[in-house]
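Q: The structure's right below; bear with me while I get my questions together.
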Amino acid sequence: MHSTFKPNLVRVEKPKPLAARLFSLSLLSILAACGGGGGSDNAPSTPAAAPLPNAAVVASSATATPSSASAVSGDVSCGLNPPAGIQAEVLQRVNAFRASGAICGGVTYPAASALNWNTNLLQAAKGHATDMATNNYFSHTGQDGRTPDRRVLAAGYSYSHMGENIAAGQTSVESAMAAWIGSPSHCQNMMTPDFKDIAVACVRNEASTYRIYWVMEMGRPL
């Protein structure tokens, strides 16, 4: 079964006036990093993973405003790891990766502190993963034009720093993590010491191009 992957990262810095696919987007500047990864499956019926987009990190203070939109309902684990879902595995793999330190794109990152699961970030991740799966697209920018920072704020998470990784086509937490780790920008995003919170949602739609859509949100509260 061949999977398509494309990760992406978004990062914004206040001092300054975009398998599966991996994508990273900067609200103030767009990182050029772009990569891809392949799965170990060989089934021809499964589409290749989407190319990874750039990763996005936001380092700008922002305060959430109340959102009138209700939380998106449905499975946020793509039916993986029943009945517990993907939360425990995501936390274990991300925090183990941070604890060991890493070399991302030739840059050495020292060990970073463990992240905590955050329900507000999960709401933002679930909403975007559901939107991509439902409307069959792959981008940090939603169909309504909202960027990662706006989605996080709408979910009630006031941040000083935030970042987003997305992927599509991976059939396990392990394969999604491998694709993100293999992309310098996404790897850097996960090793950013400023982040304190995390949430990851996975939403499946068998009728869509990549079938499985992943969104990782990371942030540091105000």
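Here, A, B, ... name the chains of the structure tokens in the order displayed, residue numbers run from 1 inside each chain, and ligands are numbered from 1 in the same displayed order.
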Excluding Trp214 (chain A) and residues on its chain fewer than 4 positions from it, collect all residues at most 12 Å away from it, counting only C-alpha atoms, and give them as number ranges by chain.

A: A: 5-8, 19-23, 49-50, 52, 76-78, 86, 90, 122, 124-133, 138-140, 164-173, 175-177, 179-180, 199-205, 210

Q: How many Å separate CA of Lys196 (chain A) from CA of Arg220 (chain A)?

A: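 Separation between CA of Lys196 (chain A) and CA of Arg220 (chain A): 5.0 Å.
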
Q: At what distance in Å, to one decimal, does CA of Ile198 (chain A) lie from CA of Thr63 (chain A)?

A: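 Separation of CA of Thr63 (chain A) and CA of Ile198 (chain A): 17.6 Å.
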
Q: With only C-alpha atoms as the counted atoms, please give the residues lying no more than 9 Å from Ala102 (chain A), apart from itself and same-chain residues fewer than 6 positions off, as a ChimeraX atom specification.

A: /A:108-111,187-188,191

Q: Can you write out the residues you just picked, keeping N, CA and C atoms, as a PDB file, in the first residue's frame?

A:
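Output (selection37.pdb):
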ATOM      1  N   THR A 108      21.401  21.208  14.557  1.00  0.00           N
ATOM      2  CA  THR A 108      21.251  20.396  15.767  1.00  0.00           C
ATOM      3  C   THR A 108      20.357  21.100  16.774  1.00  0.00           C
ATOM      4  N   TYR A 109      19.340  20.382  17.231  1.00  0.00           N
ATOM      5  CA  TYR A 109      18.424  20.908  18.234  1.00  0.00           C
ATOM      6  C   TYR A 109      18.587  20.113  19.524  1.00  0.00           C
ATOM      7  N   PRO A 110      18.843  20.789  20.653  1.00  0.00           N
ATOM      8  CA  PRO A 110      18.976  20.075  21.928  1.00  0.00           C
ATOM      9  C   PRO A 110      17.623  19.537  22.381  1.00  0.00           C
ATOM     10  N   ALA A 111      17.658  18.700  23.389  1.00  0.00           N
ATOM     11  CA  ALA A 111      16.418  18.141  23.925  1.00  0.00           C
ATOM     12  C   ALA A 111      15.482  19.269  24.357  1.00  0.00           C
ATOM     13  N   CYS A 187      10.369  18.925  11.121  1.00  0.00           N
ATOM     14  CA  CYS A 187      11.219  18.457  12.214  1.00  0.00           C
ATOM     15  C   CYS A 187      11.541  19.621  13.154  1.00  0.00           C
ATOM     16  N   GLN A 188      11.925  20.755  12.584  1.00  0.00           N
ATOM     17  CA  GLN A 188      12.233  21.946  13.373  1.00  0.00           C
ATOM     18  C   GLN A 188      11.019  22.408  14.171  1.00  0.00           C
ATOM     19  N   MET A 191      10.599  20.365  17.203  1.00  0.00           N
ATOM     20  CA  MET A 191      11.676  20.546  18.179  1.00  0.00           C
ATOM     21  C   MET A 191      11.708  21.956  18.772  1.00  0.00           C
TER      22      MET A 191
END

Q: If you run DSSP on this backbone, which residues of region 126-175 of chain A come out as strand (DSSP E), and could you give them as a PyMOL selection string?

A: chain A and resi 159-168

Q: Could you pull out the alpha helix (DSSP H) residues of region 87-203 of chain A from DSSP and send them as a ChimeraX atom specification?

A: /A:87-100,119-135,148-154,173-182,184-191

Q: CA of Val94 (chain A) and CA of Ala48 (chain A) are how many Å apart?

A: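 Rounded to one decimal, the two atoms are 24.5 Å apart.
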
Q: Counting only C-alpha atoms, what is within 10 Å of Asp194 (chain A), bar same-chain residues fewer than 6 positions away, as a CSV table (one decimal) with N, CA and C atoms, in the first residue's frame?

A:
chain,number,residue,atom,x,y,z
A,59,ALA,N,5.0,33.0,16.1
A,59,ALA,CA,5.6,33.5,17.4
A,59,ALA,C,5.1,34.9,17.6
A,112,ALA,N,14.2,19.0,24.2
A,112,ALA,CA,13.2,20.0,24.5
A,112,ALA,C,12.2,19.4,25.5
A,113,SER,N,11.5,20.2,26.3
A,113,SER,CA,10.6,19.7,27.3
A,113,SER,C,9.4,19.1,26.6
A,160,SER,N,1.2,32.8,22.4
A,160,SER,CA,2.4,33.7,22.2
A,160,SER,C,3.1,33.1,21.0
A,161,HIS,N,3.1,31.8,20.8
A,161,HIS,CA,3.7,31.1,19.7
A,161,HIS,C,2.7,29.9,19.3
A,162,MET,N,2.7,29.6,18.0
A,162,MET,CA,1.9,28.5,17.6
A,162,MET,C,2.4,28.0,16.2
A,218,MET,N,0.5,23.0,17.5
A,218,MET,CA,1.4,23.2,18.7
A,218,MET,C,1.3,24.7,19.1
A,219,GLY,N,1.4,24.9,20.4
A,219,GLY,CA,1.4,26.3,20.8
A,219,GLY,C,1.9,26.6,22.2
A,220,ARG,N,2.1,27.8,22.5
A,220,ARG,CA,2.5,28.3,23.9
A,220,ARG,C,1.5,29.3,24.2
A,221,PRO,N,0.7,29.1,25.3
A,221,PRO,CA,-0.3,30.1,25.7
A,221,PRO,C,0.3,31.4,26.2
